[in-house]
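Colleague: Just dropping this structure here.
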Amino acid sequence: MWKTNTRTSFRQVYLAVVTRRYSRVAPPPSEVIRVTNNVAHLGPPKKGALPRQLMSLPPFPGHPLPGKNAVNNGADGDEDGGHVTAISWVKYYFEEIHDKTVQAHFTKGLVEMEFRGHRDASTEKEDGARAMRKIKHNEVMKIGDKIWLPVSIAEARISKRYDTIPSGTLYPNADEIAYLQRLVRFKDSAIIVLNKPPKLPVKGNVPIHNSMDALAAAALSFGNDEGPRLVHRLDRETSGLLVMGRTKESIDHLHSVFSDFKGRNSRCKAWNKACEEMYQQYWALVIGSPKDKEGIISVPLSKVLLDDGKTDRVVLARGSGFEASQEAITEYRVLGPMINGCSWLELRPITSRKHQLRVHCAEALGTPIVGDYKYGWFVHKRWKQMPQVDIEPTTGKPYKLRRPEGLDIQKGSVLSKVPLLHLHCREMVLPNIAKFLHVLNKQETDPLHPGITSKPDLLRFVASMPSHMKISWNIMSSYLV
C-alpha cells in the first residue's frame with residue numbers, strides 16, 4: 001500500500017513538472033531554441049517577412065496613350081484596340097523592361113489596383129491604408145485607375161542598363177575627364193597612348209561598366225566624332241602602355257601590327273621594316289630566379305574550364321594533339337640578383353596570348369609574378385612563410401632591405417601582406433601610323449610628301465611604373481645590372 005501511494009505521488013509530481021499547459025490567449029514565447037552553426041541556443045523568435053515595398057504608376061490618362069495610337073495598343077495585347085489592358089499600361093510605362101519580367105509580376109499576383117471611386121469607410125482599412133485588390137493582366141483600364149507594383153520591377157530596369165557597355169550614354173564629370181587625360185602620354189591624328197593604372201579593366205562585359213574602352217570613348221575624343229578604340233589589351237591588374245586607335249583606318253592597321261603577322265603584308269618596304277622592329281617590353285618582379293639569366297620560352301598555351309563550369313584558366317599545352325593550343329613565345333632577361341627571394345625580369349612577348357607572360361613565368365620558368373595569385377598561389381604561401389637571407393654580390397654580407405618609413409606608402413608593394421600584381425608594360429616601339437596611312441590606304445609605292453618623310457618611321461614610348469612597383473623597385477634594386 002505504501003509503495004502504491006509513493007508511485008502515485010511521484011507520478012503526479014513528474015507530470016506537474018514535465019507537462020506544459022498552453023493558453024489560447026497567452027502571448028507567444030519571448031525566447032525559442034535557435035540553431036546557429038550547429039550550436040543550439042536561446043534567442044528571440046524569427047521575424048516574419050517584411051512588407052513588400054510598393055510603387056505606384058501615374059493615374060491612367062485614358063485611351064489612346066500619349067505618343068501611341070490605337071493600332072499599337074491593340075498589338076500589345078488589347079482585344080479590339082478600343083481599350084487598354086493593365087499589362088499594356090505597365091509595358092507602356094516600363095518600356096525598357098523585358099516583357100517576361102512584366103508578365104511574371106502579373107502571374108505571381110504582385111500587381112494591385114486601388115478601388116475605383118472615392119474612398120469611404122467600406123474601402124478603407126482600419127489603419128488608414130489604401131484598400132487595393134489584385135488584378136490580372138487583361139484587366140481593362142479606366143481613366144484615373146492607379147496601379148501599384150513592387151519596386152523590384154524598377155530595379156530590373158536599372159540592372160538592364162549594364163547589359164552592354166554604355167559608351168554612348170556614359171558622361172564622366174570634369175574631374176574624371178581630367179584624370180583620364182592625364183593618363184595620355186602621346187596623341188596624334190592616328191593613335192592615343194595611355195599609361196594605364198592597375199586594377200582598371202580594359203574591356204568591359206556584363207558586370208563591368210567603368211572599363212577603359214567605355215571611359216575613353218566618352219572622354220578622349222578630342223574633337224573627333226567618335227572616341228578611340230582598343231587595338232590590344234592588358235589584364236585588369238597589369239599596368240603600363242595601352243594603345244588606342246582614333247580612326248577606322250588606323251584601328252585596322254594597328255590590329256595587324258599587334259597580331260602575329262606584325263602587319264608585314266604591305267607593298268611599302270619602309271612600313272614592313274618598321275613593323276619588324278616593333279616590340280613591347282614588360283618589367284616584372286617574380287618569386288625566385290630562373291636558372292638561365294636569359295632565354296626564349298617557346299611553349300604553346302591552351303585554355304581549360306574548371307570544375308565550376310564558369311572559370312577558365314590558361315595552362316601549358318601538354319602536346320598530346322587532342323586539345324586546342326596556340327603557339328606562345330616570350331623572350332626574357334634577368335635584370336639582377338635575387339633579393340629577398342625575388343628578382344626582376346625583362347619580358348618581351350613575341351606572340352600575343354591571354355595571360356601569356358603570367359603563365360610562362362609561373363609554369364615554364366617556375367617563378368610566378370609577385371601578386372599573381374591565380375597562377376602562383378601556392379608559391380606565394382611558401383614565399384611569405386620562409387625567411388629570406390640574401391648576400392650582396394660586392395661585399396659578401398647579408399643584404400638589408402631599405403624599408404621606407406610609414407605604412408601608407410607600403411600598400412601593394414613587397415612589404416604589404418597582399419601585394420598587387422608586379423607586371424608593367426614599360427616600353428613600346430611602334431610604327432608611325434600617321435606617317436604611313438597615306439601609302440597604306442592607296443596600296444601604292446608613290447613617294448611620300450616631303451613634310452611626311454621628315455617624320456620618324458618608329459615611335460618609342462616609356463611609361464613610369466605605378467606606385468606599388470616603385471616602392472618595390474626602390475627597396476630591391478641596389479645591384480641591378
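In the C-alpha cells, the first chain shown is A, the next is B, and so on; residue numbers restart at 1 for each chain, and ligands run from 1 in the order shown.
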Using DSSP on the backbone, list every residue of region 210-423 of chain A that comes out as strand (DSSP E), and give them as a ChimeraX atom specification.

Modeller: /A:229-230,239-245,279-287,294-298,301-305,312-316,329-334,342-349,423

Colleague: How about saving the chosen residues, C-alpha atoms kept, as a PDB file, in the first residue's frame?

Modeller:
ATOM      1  CA  ARG A 229      39.000  52.192 -79.779  1.00  0.00           C
ATOM      2  CA  LEU A 230      41.107  49.399 -78.331  1.00  0.00           C
ATOM      3  CA  SER A 239      49.701  48.498 -65.701  1.00  0.00           C
ATOM      4  CA  GLY A 240      51.582  50.273 -68.460  1.00  0.00           C
ATOM      5  CA  LEU A 241      51.321  51.410 -72.058  1.00  0.00           C
ATOM      6  CA  LEU A 242      47.986  50.974 -73.808  1.00  0.00           C
ATOM      7  CA  VAL A 243      47.475  51.988 -77.465  1.00  0.00           C
ATOM      8  CA  MET A 244      44.105  53.047 -78.892  1.00  0.00           C
ATOM      9  CA  GLY A 245      43.234  53.904 -82.483  1.00  0.00           C
ATOM     10  CA  TYR A 279      58.185  45.302 -79.767  1.00  0.00           C
ATOM     11  CA  GLN A 280      56.701  45.507 -76.262  1.00  0.00           C
ATOM     12  CA  GLN A 281      58.834  45.319 -73.140  1.00  0.00           C
ATOM     13  CA  TYR A 282      57.497  44.433 -69.692  1.00  0.00           C
ATOM     14  CA  TRP A 283      59.139  44.568 -66.289  1.00  0.00           C
ATOM     15  CA  ALA A 284      58.056  42.030 -63.699  1.00  0.00           C
ATOM     16  CA  LEU A 285      59.071  41.127 -60.165  1.00  0.00           C
ATOM     17  CA  VAL A 286      58.986  37.345 -59.747  1.00  0.00           C
ATOM     18  CA  ILE A 287      59.389  34.999 -56.804  1.00  0.00           C
ATOM     19  CA  GLU A 294      68.226  34.990 -70.356  1.00  0.00           C
ATOM     20  CA  GLY A 295      66.487  32.879 -72.918  1.00  0.00           C
ATOM     21  CA  ILE A 296      63.411  32.232 -75.063  1.00  0.00           C
ATOM     22  CA  ILE A 297      60.286  30.478 -73.796  1.00  0.00           C
ATOM     23  CA  SER A 298      58.506  28.680 -76.637  1.00  0.00           C
ATOM     24  CA  LEU A 301      49.204  27.508 -74.324  1.00  0.00           C
ATOM     25  CA  SER A 302      45.708  26.083 -74.070  1.00  0.00           C
ATOM     26  CA  LYS A 303      42.579  27.100 -72.157  1.00  0.00           C
ATOM     27  CA  VAL A 304      40.792  24.745 -69.777  1.00  0.00           C
ATOM     28  CA  LEU A 305      37.480  25.075 -67.928  1.00  0.00           C
ATOM     29  CA  ASP A 312      38.661  29.296 -67.275  1.00  0.00           C
ATOM     30  CA  ARG A 313      42.411  29.055 -66.825  1.00  0.00           C
ATOM     31  CA  VAL A 314      45.314  29.178 -69.259  1.00  0.00           C
ATOM     32  CA  VAL A 315      47.809  26.330 -68.885  1.00  0.00           C
ATOM     33  CA  LEU A 316      50.798  24.950 -70.758  1.00  0.00           C
ATOM     34  CA  ILE A 329      56.833  32.746 -77.464  1.00  0.00           C
ATOM     35  CA  THR A 330      58.402  35.049 -74.868  1.00  0.00           C
ATOM     36  CA  GLU A 331      61.929  36.422 -74.545  1.00  0.00           C
ATOM     37  CA  TYR A 332      63.187  37.080 -71.014  1.00  0.00           C
ATOM     38  CA  ARG A 333      66.244  38.500 -69.292  1.00  0.00           C
ATOM     39  CA  VAL A 334      67.125  38.636 -65.590  1.00  0.00           C
ATOM     40  CA  CYS A 342      62.634  37.820 -55.649  1.00  0.00           C
ATOM     41  CA  SER A 343      64.237  39.010 -58.869  1.00  0.00           C
ATOM     42  CA  TRP A 344      63.367  41.500 -61.602  1.00  0.00           C
ATOM     43  CA  LEU A 345      62.780  40.238 -65.149  1.00  0.00           C
ATOM     44  CA  GLU A 346      62.545  41.946 -68.520  1.00  0.00           C
ATOM     45  CA  LEU A 347      59.938  40.240 -70.720  1.00  0.00           C
ATOM     46  CA  ARG A 348      59.296  40.651 -74.455  1.00  0.00           C
ATOM     47  CA  PRO A 349      56.269  38.770 -75.812  1.00  0.00           C
ATOM     48  CA  LEU A 423      53.708  43.398 -64.077  1.00  0.00           C
TER      49      LEU A 423
END

Colleague: Would you pick out the contacts of region 212-220 of chain A at 6 Å or less, using only C-alpha atoms, so that residues sharing its chain but fewer than 4 positions from it are not included, and give the list as a short mmCIF file (atom, residue, chain, number, x, y, z; two decimals) with all heavy atoms, in the first residue's frame?

Modeller:
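Output below, filename selection_38.cif:
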data_model
loop_
_atom_site.label_atom_id
_atom_site.label_comp_id
_atom_site.auth_asym_id
_atom_site.auth_seq_id
_atom_site.Cartn_x
_atom_site.Cartn_y
_atom_site.Cartn_z
N SER A 167 28.86 53.06 -73.58
CA SER A 167 29.79 54.06 -74.08
C SER A 167 29.06 55.25 -74.68
O SER A 167 29.58 56.36 -74.68
CB SER A 167 30.71 53.43 -75.13
OG SER A 167 29.94 52.88 -76.18
N ILE A 177 37.25 63.35 -66.41
CA ILE A 177 37.84 63.66 -67.72
C ILE A 177 39.27 64.14 -67.55
O ILE A 177 40.19 63.75 -68.30
CB ILE A 177 36.99 64.71 -68.45
CG1 ILE A 177 35.63 64.11 -68.83
CG2 ILE A 177 37.70 65.22 -69.70
CD1 ILE A 177 34.69 65.10 -69.47
N VAL A 202 40.25 46.88 -68.94
CA VAL A 202 40.43 47.44 -70.27
C VAL A 202 39.16 47.27 -71.09
O VAL A 202 38.66 48.21 -71.72
CB VAL A 202 41.63 46.79 -70.98
CG1 VAL A 202 41.71 47.24 -72.43
CG2 VAL A 202 42.92 47.17 -70.26
N LYS A 203 38.62 46.07 -71.09
CA LYS A 203 37.43 45.77 -71.88
C LYS A 203 36.33 45.34 -70.94
O LYS A 203 36.51 44.45 -70.12
CB LYS A 203 37.72 44.65 -72.89
CG LYS A 203 36.54 44.31 -73.80
CD LYS A 203 36.21 45.46 -74.74
CE LYS A 203 35.11 45.06 -75.72
NZ LYS A 203 34.74 46.19 -76.61
N GLY A 227 35.05 58.37 -80.11
CA GLY A 227 36.20 58.20 -79.24
C GLY A 227 37.14 57.12 -79.74
O GLY A 227 36.83 56.38 -80.67
N PRO A 228 38.31 56.98 -79.14
CA PRO A 228 39.28 55.97 -79.58
C PRO A 228 38.81 54.56 -79.25
O PRO A 228 37.98 54.35 -78.36
CB PRO A 228 40.55 56.34 -78.79
CG PRO A 228 40.04 57.05 -77.57
CD PRO A 228 38.81 57.78 -77.99
#

Colleague: What separation in Å, quoted to one decimal, exists between CA of Pro300 (chain A) and CA of Val231 (chain A)?

Modeller: 23.0 Å

Colleague: For Ser189 (chain A), list every protein, DNA or RNA residue within 10 Å, evaluated using only C-alpha atoms, and leave out those in the same chain fewer than 2 positions away; present the list as a PyMOL selection string.

Modeller: chain A and resi 187+191-192+224+245-247+250+433-435

Colleague: Please identify all polymer residues within 9 Å of His137 (chain A), counting only C-alpha atoms, omitting same-chain residues fewer than 3 positions from it, and present them as a PyMOL selection string.

Modeller: chain A and resi 85-88+103+106-107+111+140

Colleague: Kindly save the residues from that selection, with N, CA, C and O atoms included, as a short mmCIF file (atom, residue, chain, number, x, y, z; two decimals), in the first residue's frame.

Modeller:
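Final file, selection_38.cif:
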data_model
loop_
_atom_site.label_atom_id
_atom_site.label_comp_id
_atom_site.auth_asym_id
_atom_site.auth_seq_id
_atom_site.Cartn_x
_atom_site.Cartn_y
_atom_site.Cartn_z
N THR A 85 -5.41 47.34 -71.70
CA THR A 85 -5.37 46.41 -70.58
C THR A 85 -4.29 46.83 -69.59
O THR A 85 -3.44 47.68 -69.88
N ALA A 86 -4.31 46.20 -68.42
CA ALA A 86 -3.36 46.55 -67.36
C ALA A 86 -1.92 46.25 -67.78
O ALA A 86 -1.01 47.04 -67.53
N ILE A 87 -1.70 45.12 -68.43
CA ILE A 87 -0.33 44.78 -68.82
C ILE A 87 0.18 45.72 -69.91
O ILE A 87 1.36 46.05 -69.95
N SER A 88 -0.71 46.19 -70.78
CA SER A 88 -0.29 47.15 -71.81
C SER A 88 0.12 48.47 -71.18
O SER A 88 1.08 49.11 -71.61
N GLN A 103 5.25 40.21 -67.27
CA GLN A 103 4.28 39.11 -67.20
C GLN A 103 4.45 38.32 -65.91
O GLN A 103 3.46 37.85 -65.31
N PHE A 106 2.56 39.86 -62.97
CA PHE A 106 1.13 39.57 -63.01
C PHE A 106 0.84 38.12 -62.63
O PHE A 106 -0.12 37.83 -61.92
N THR A 107 1.66 37.19 -63.10
CA THR A 107 1.44 35.78 -62.81
C THR A 107 1.55 35.49 -61.32
O THR A 107 0.80 34.67 -60.77
N VAL A 111 0.70 42.53 -58.77
CA VAL A 111 0.17 43.79 -59.29
C VAL A 111 -1.19 44.04 -58.67
O VAL A 111 -2.07 43.16 -58.70
N VAL A 140 -9.23 45.68 -67.79
CA VAL A 140 -9.44 46.85 -68.64
C VAL A 140 -9.24 48.11 -67.80
O VAL A 140 -9.86 48.27 -66.74
#

Colleague: Here is a test: counting only C-alpha atoms, which residue of A:Glu139, A:Leu57, A:Glu226, A:Ile153 is nearest to Ile97 (chain A)?

Modeller: A:Ile153

Colleague: Hey, can you check how far CA of Ala324 (chain A) sits from CA of Arg358 (chain A)?

Modeller: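 Between these atoms lies a distance of 19.4 Å.
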
Colleague: Select, from A:Lys354, A:Arg233, A:Lys142, A:Lys196, the residue with the minimum atom-to-atom distance to Ser464 (chain A), counting only C-alpha atoms.

Modeller: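 For Ser464 (chain A), the nearest of the given residues is A:Lys196.
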